[in-house]
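**Student:** Submitted below is the structure of interest, expressed as structure tokens.
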Amino acid sequence: MAKMTMVQALNLALKQEMEKDDRVIVLGEDVGQDGGVFRVTEGLVDQFGEQRVLDTPLAEAGIVGMSIGMAAFGLRPVCEIQFSGFSYQAFHQTENHAARLRWRSQGRFSVPMVLRMPYSGGVRALEHHSESREVYYAHTPGLKMVIPSGPRNARALLVSAIRDPDPVVFYESKALYRAFREEVPEEEETFPIGKSQIVREGSDITLVSYGSMMRPTLEAAEILKEKETVDAEVVDLLTLSPLDDSLFTESVRKTGRAVIIHEAPRSYGPGAEIVSKLVDKSFYYLEAPIGRVTGFDVVIPLFSRESHYIPNAQRIVRAARNVLKTAA
Amino acid sequence: MPRSKIDLPYHIDFLSILDAEGNLDESLEPDIPEETLSRIYAAMLLGRRFDERLLNLQRQGRIGTFPPITGQEASQVGAVAVLRDSDWMVPSFRETAAEIWRGRTLESVIVANNGFNEGAQVPEDSHNLPVSIPVGSQMLHAVGIGFGIRYRKKDDVVMTFFGDGATSQGDFHEALNFAGVFQTPVIFVCQNNQWAISLPRKKQTRSQTLAQKALAYGLPGIQVDGNDVLAVYAAAAEAVERARKGEGSTLIECVTYRMSVHTTADDPKRYRTDEEVEDWRKRDPLTRLQKYLTRKKLLSDEKIAATETDIKEKIQAAVDRAEQQMKEFGAPSDMFKHAYAEMPPFLIEQKEFLERELAEKREE
């Protein structure tokens, strides 16, 4: 076991899958010699050569469109979009073709590709470099949408995404890339796509979170424990589509209370879908209105003000207190 | 420090071998086996007659909207005739004659145009992608497939089709650029049929030719008389030969004309004159091929009549089969098939909902 950052863990996943399967091809802007702007693909071109690690021209639709053809041919492209804010230039390829070719050809062709892209704020970046728009992809039939929350699950999920027979949009939080290290086993580890995880057990309130929001969520859970002797149960969604609603609906049946946390804007956000699932499956167990702590419905401000936009532990604690205040 | 002309590796040729009157430039005549020539003629005629029948079915309300190909038979059949089965085809949506040449069944075209997904089903061993409707978006897939071919060290090629309108899309330029950079074996066949619904070719781009757009990406481009099947065949054969040798991609602009509507939902009288259409009718690709083949003694009035009868029967049999198939297709809940390799829980729930609703309806 080695202690790794998320960047190193993702790199390990790519390296090992490329060693194991010569169908795996990495492509994108600056992913070769430069090792990617966040260094996730560092060293891969030296080990696997320019036929498997492609520095592409600067064109997102080109990268995704070419990957679709590679996947239809029988390869396993893992393409990197430098920032999720630039993925919209490839959105028509992702939505019209990656997500639909299996359906359109009635199963003859499939698109087993991974679209890796950094998302989230918190790294003092320029406009277009700090966004959270997972809903665009989670809303699109035919795609899978995965968002890891730390080095170990990032590695395991990326391996699963590469092996998945369908297109997977893989959001990597920039704020988590080098935020902390975790033990990541050298030997193979996967984590099933479409499964959530209870990362902290508790009986008083359920916090549903994922990706960049997991750290402030866990911090909030600790504060609630220390200051209010409240035991929060924390669910890490890990996959947004297909959404695993089994754990959080079950958890709320136990706690009767829930707060949902995401960095994406509130309206039509993942929280709305989760609330709807809770209403469908845990309605009679709810003891209070469901809380949402989310980004605001504006473009994330430039970095001098972004800390006021991005949900933090204090905001989550306040929301939890409100939900807890409501008498049964 | 002079100001001098930069020598570009490519220039743009225009190729015409068999003109509208049926005159042949023997020095350019491609060496096409007689049997292939006969097949090309039959495929072009089938494309024309099938179009007529589809239009008929559409007017009777027996199928939905479809995009006719009449006038573009030579651009399509001439190009795919140089391919072998293991090569790939990445079509847009107006290549029915080419698709049929590549093995698509007539009944699948009818079924698809009558709103059943089953019509786009591609056979397991087929190297033909299904139609792609968003204009210009499919050429990049051809480049990806081309990369795969090179990566696996095969000598297959990919042929992708698109129209004049597609050349204004960013993806067209990205595809040519990627094809140049990665040296992929892709033949880009532009069917310049002069009209992108109501927008004439001259308003699509100020470029003198569409073929010249290849030059900017370091690729050879050629403009051919797209109603001259010999010219299309010759240009495609040349491009395929280069691609097989690992020399990369080519852009072929076939100058042709969409004789009919954009789709059956379109009324061309709103934007173009009858005179223009009549003028192009004189350059019909089938008429001149008939003259050529008759001169070569490959075609006679009897042979033409026999081919017509054969095609008529083929089409009728396909219509019958399609109508039978449409009666036998599965339940509406088949819409959930092929969304993912494995049906996720939320789709199972939704499928069960629809099935319950259908069962309740039956009881009512």
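Please note that chains go A, B, ... in the order of the structure tokens, that every chain numbers its residues from 1, and that ligands are numbered from 1 in the order shown.
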Set out as JSON lines a contact list for chain B and chain A with a cut-off of 9 Å, giving each residue of chain B that qualifies its closest atom pair and distance in Å to one decimal, counting only C-alpha atoms, ordered by chain and rising residue number.
**Tutor:**
{"residue": "B:Asn117", "atom": "CA", "partner": "A:Arg104", "partner_atom": "CA", "distance": 7.0}
{"residue": "B:Glu118", "atom": "CA", "partner": "A:Gln106", "partner_atom": "CA", "distance": 6.8}
{"residue": "B:Gly119", "atom": "CA", "partner": "A:Ser105", "partner_atom": "CA", "distance": 8.9}
{"residue": "B:Ala120", "atom": "CA", "partner": "A:Ser105", "partner_atom": "CA", "distance": 5.6}
{"residue": "B:Gln121", "atom": "CA", "partner": "A:Ser105", "partner_atom": "CA", "distance": 4.8}
{"residue": "B:Val122", "atom": "CA", "partner": "A:Ser105", "partner_atom": "CA", "distance": 5.6}
{"residue": "B:Pro123", "atom": "CA", "partner": "A:Arg108", "partner_atom": "CA", "distance": 6.7}
{"residue": "B:Glu124", "atom": "CA", "partner": "A:Arg108", "partner_atom": "CA", "distance": 5.6}
{"residue": "B:Asp125", "atom": "CA", "partner": "A:Arg108", "partner_atom": "CA", "distance": 8.5}
{"residue": "B:Ser126", "atom": "CA", "partner": "A:Arg108", "partner_atom": "CA", "distance": 8.4}
{"residue": "B:His127", "atom": "CA", "partner": "A:Phe73", "partner_atom": "CA", "distance": 8.8}
{"residue": "B:Leu129", "atom": "CA", "partner": "A:Ser105", "partner_atom": "CA", "distance": 7.6}
{"residue": "B:Pro130", "atom": "CA", "partner": "A:Ser105", "partner_atom": "CA", "distance": 6.0}
{"residue": "B:Val131", "atom": "CA", "partner": "A:Arg104", "partner_atom": "CA", "distance": 8.7}
{"residue": "B:Ser132", "atom": "CA", "partner": "A:His97", "partner_atom": "CA", "distance": 8.5}
{"residue": "B:Pro134", "atom": "CA", "partner": "A:Asn96", "partner_atom": "CA", "distance": 7.7}
{"residue": "B:Ser137", "atom": "CA", "partner": "A:Gln93", "partner_atom": "CA", "distance": 7.1}
{"residue": "B:Gln138", "atom": "CA", "partner": "A:Gly65", "partner_atom": "CA", "distance": 7.7}
{"residue": "B:Met139", "atom": "CA", "partner": "A:Gly65", "partner_atom": "CA", "distance": 8.2}
{"residue": "B:Leu140", "atom": "CA", "partner": "A:Gly65", "partner_atom": "CA", "distance": 4.9}
{"residue": "B:His141", "atom": "CA", "partner": "A:Gly69", "partner_atom": "CA", "distance": 3.8}
{"residue": "B:Ala142", "atom": "CA", "partner": "A:Gly69", "partner_atom": "CA", "distance": 6.0}
{"residue": "B:Val143", "atom": "CA", "partner": "A:Met66", "partner_atom": "CA", "distance": 5.8}
{"residue": "B:Gly144", "atom": "CA", "partner": "A:Gly69", "partner_atom": "CA", "distance": 4.0}
{"residue": "B:Ile145", "atom": "CA", "partner": "A:Gly69", "partner_atom": "CA", "distance": 4.7}
{"residue": "B:Gly146", "atom": "CA", "partner": "A:Met70", "partner_atom": "CA", "distance": 7.9}
{"residue": "B:Phe147", "atom": "CA", "partner": "A:Met70", "partner_atom": "CA", "distance": 6.8}
{"residue": "B:Gly148", "atom": "CA", "partner": "A:Met70", "partner_atom": "CA", "distance": 5.7}
{"residue": "B:Ile149", "atom": "CA", "partner": "A:Phe73", "partner_atom": "CA", "distance": 8.1}
{"residue": "B:Tyr151", "atom": "CA", "partner": "A:Gln51", "partner_atom": "CA", "distance": 7.1}
{"residue": "B:Gly170", "atom": "CA", "partner": "A:Ala61", "partner_atom": "CA", "distance": 8.5}
{"residue": "B:Asp171", "atom": "CA", "partner": "A:Ala61", "partner_atom": "CA", "distance": 6.7}
{"residue": "B:Glu174", "atom": "CA", "partner": "A:Gly62", "partner_atom": "CA", "distance": 5.4}
{"residue": "B:Ala175", "atom": "CA", "partner": "A:Gly62", "partner_atom": "CA", "distance": 6.4}
{"residue": "B:Asn177", "atom": "CA", "partner": "A:Pro57", "partner_atom": "CA", "distance": 8.0}
{"residue": "B:Phe178", "atom": "CA", "partner": "A:Pro57", "partner_atom": "CA", "distance": 7.1}
{"residue": "B:Val181", "atom": "CA", "partner": "A:Pro57", "partner_atom": "CA", "distance": 8.0}
{"residue": "B:Phe182", "atom": "CA", "partner": "A:Thr56", "partner_atom": "CA", "distance": 8.8}
{"residue": "B:Lys337", "atom": "CA", "partner": "A:Trp103", "partner_atom": "CA", "distance": 7.4}
{"residue": "B:His338", "atom": "CA", "partner": "A:Trp103", "partner_atom": "CA", "distance": 4.7}
{"residue": "B:Ala339", "atom": "CA", "partner": "A:Trp103", "partner_atom": "CA", "distance": 5.4}
{"residue": "B:Tyr340", "atom": "CA", "partner": "A:Gly142", "partner_atom": "CA", "distance": 6.1}
{"residue": "B:Ala341", "atom": "CA", "partner": "A:Pro165", "partner_atom": "CA", "distance": 6.3}
{"residue": "B:Glu342", "atom": "CA", "partner": "A:Pro165", "partner_atom": "CA", "distance": 8.9}
{"residue": "B:Pro344", "atom": "CA", "partner": "A:Pro242", "partner_atom": "CA", "distance": 6.4}
{"residue": "B:Pro345", "atom": "CA", "partner": "A:Pro242", "partner_atom": "CA", "distance": 7.7}
{"residue": "B:Phe346", "atom": "CA", "partner": "A:Pro242", "partner_atom": "CA", "distance": 7.3}
**Student:** Please run DSSP on the backbone and report, as a VMD selection string, all residues within region 194-291 of chain A that come out as strand (DSSP E or B).
**Tutor:** chain A and resid 197 to 200 205 to 209 232 to 236 239 to 241 258 to 265 291
**Student:** Quick one: residues within 10 Å of Met159 (chain B), only C-alpha atoms, excluding same-chain residues fewer than 2 positions away - as JSON, numbers by chain?
**Tutor:** {"B": [79, 80, 83, 87, 88, 89, 90, 91, 128, 139, 142, 143, 146, 157, 161, 185, 186, 187, 188, 189, 236, 239, 240, 249, 250]}
**Student:** Using the selection just defined, write its residues with N, CA and C atoms as a compact mmCIF listing (two decimals), in the first residue's frame.
**Tutor:**
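Result file result32.txt:
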# COMPACT_ATOMS: atom_id res chain seq x y z
N ALA B 79 -18.90 5.51 -55.48
CA ALA B 79 -17.91 5.58 -54.39
C ALA B 79 -17.80 4.25 -53.64
N VAL B 80 -18.94 3.70 -53.22
CA VAL B 80 -18.85 2.47 -52.42
C VAL B 80 -18.46 1.25 -53.25
N LEU B 83 -15.14 -0.29 -52.51
CA LEU B 83 -14.84 -0.83 -51.18
C LEU B 83 -14.94 -2.35 -51.17
N ASP B 87 -13.98 -3.15 -45.33
CA ASP B 87 -13.88 -1.70 -45.18
C ASP B 87 -15.11 -1.20 -44.41
N TRP B 88 -15.01 0.04 -43.99
CA TRP B 88 -16.09 0.61 -43.18
C TRP B 88 -16.81 1.72 -43.93
N MET B 89 -18.11 1.86 -43.64
CA MET B 89 -18.84 3.01 -44.18
C MET B 89 -19.51 3.76 -43.03
N VAL B 90 -19.35 5.07 -43.04
CA VAL B 90 -19.96 5.93 -42.03
C VAL B 90 -20.85 6.95 -42.76
N PRO B 91 -22.14 6.65 -42.86
CA PRO B 91 -23.01 7.49 -43.68
C PRO B 91 -23.60 8.67 -42.90
N ASN B 128 -20.79 -1.23 -41.29
CA ASN B 128 -21.48 0.00 -41.68
C ASN B 128 -22.15 0.60 -40.46
N MET B 139 -18.35 12.43 -39.39
CA MET B 139 -17.03 12.24 -40.01
C MET B 139 -15.95 11.95 -38.97
N ALA B 142 -15.59 8.34 -38.32
CA ALA B 142 -14.79 7.69 -39.36
C ALA B 142 -13.30 7.81 -39.03
N VAL B 143 -12.91 8.98 -38.53
CA VAL B 143 -11.50 9.18 -38.18
C VAL B 143 -11.10 8.24 -37.03
N GLY B 146 -10.79 4.87 -38.41
CA GLY B 146 -9.54 4.86 -39.19
C GLY B 146 -8.32 4.72 -38.29
N VAL B 157 -10.11 0.49 -45.12
CA VAL B 157 -10.30 1.95 -45.17
C VAL B 157 -11.70 2.28 -44.67
N PHE B 161 -19.68 9.75 -45.67
CA PHE B 161 -20.46 10.61 -46.56
C PHE B 161 -21.04 11.81 -45.81
N PRO B 185 -6.83 6.32 -42.60
CA PRO B 185 -7.28 5.92 -43.94
C PRO B 185 -8.77 6.22 -44.16
N VAL B 186 -9.10 7.49 -44.28
CA VAL B 186 -10.50 7.88 -44.43
C VAL B 186 -10.72 8.55 -45.78
N ILE B 187 -11.77 8.13 -46.47
CA ILE B 187 -12.17 8.80 -47.71
C ILE B 187 -13.41 9.62 -47.39
N PHE B 188 -13.25 10.93 -47.45
CA PHE B 188 -14.34 11.85 -47.16
C PHE B 188 -15.09 12.13 -48.46
N VAL B 189 -16.31 11.63 -48.56
CA VAL B 189 -17.07 11.84 -49.80
C VAL B 189 -18.16 12.89 -49.56
N ALA B 236 -12.55 7.65 -56.32
CA ALA B 236 -12.63 6.86 -55.09
C ALA B 236 -11.57 5.77 -55.09
N ALA B 239 -8.26 7.25 -54.21
CA ALA B 239 -8.19 7.62 -52.79
C ALA B 239 -8.05 6.38 -51.92
N VAL B 240 -8.80 5.34 -52.27
CA VAL B 240 -8.74 4.09 -51.48
C VAL B 240 -7.36 3.47 -51.58
N SER B 249 -5.75 10.29 -45.80
CA SER B 249 -7.12 10.60 -46.21
C SER B 249 -7.19 11.47 -47.46
N THR B 250 -8.38 11.45 -48.07
CA THR B 250 -8.66 12.27 -49.25
C THR B 250 -10.08 12.83 -49.12
**Student:** Please list as a list in words every residue within 12 Å of Ser307 (chain A), counting only C-alpha atoms and excluding residues in the same chain fewer than 6 positions away.
**Tutor:** Ser120, Gly121, Gly122, Val123, Arg124, Ser130, Glu263, Gly295, Phe296, Ile300, Pro301, Ala313, Gln314 and Arg315 of chain A
**Student:** Could you check the closest approach to Pro151 (chain A) for each of A:Val53, A:Val293, A:Cys79, A:Met4 and tell me which residue wins, using only C-alpha atoms?
**Tutor:**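 Of A:Val53, A:Val293, A:Cys79, A:Met4, the one nearest Pro151 (chain A) is A:Met4, counting only C-alpha atoms.
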**Student:** Please give the complete set of residues from region 154-318 of chain B that DSSP, run on the backbone, assigns to alpha helix (DSSP H), formatted as a ChimeraX atom specification.
**Tutor:** /B:170-181,201-204,229-244,274-281,285-295,301-318
**Student:** Need the shell around Asn11 (chain A): protein/DNA/RNA residues with any atom at most 12 Å away, counting only C-alpha atoms. Skip same-chain ones fewer than 4 positions apart. Format as a PyMOL selection string?
**Tutor:** chain A and resi 4-7+15-18+26+31+35-36+38-45+151-152+154-156+158-159+177+184+186
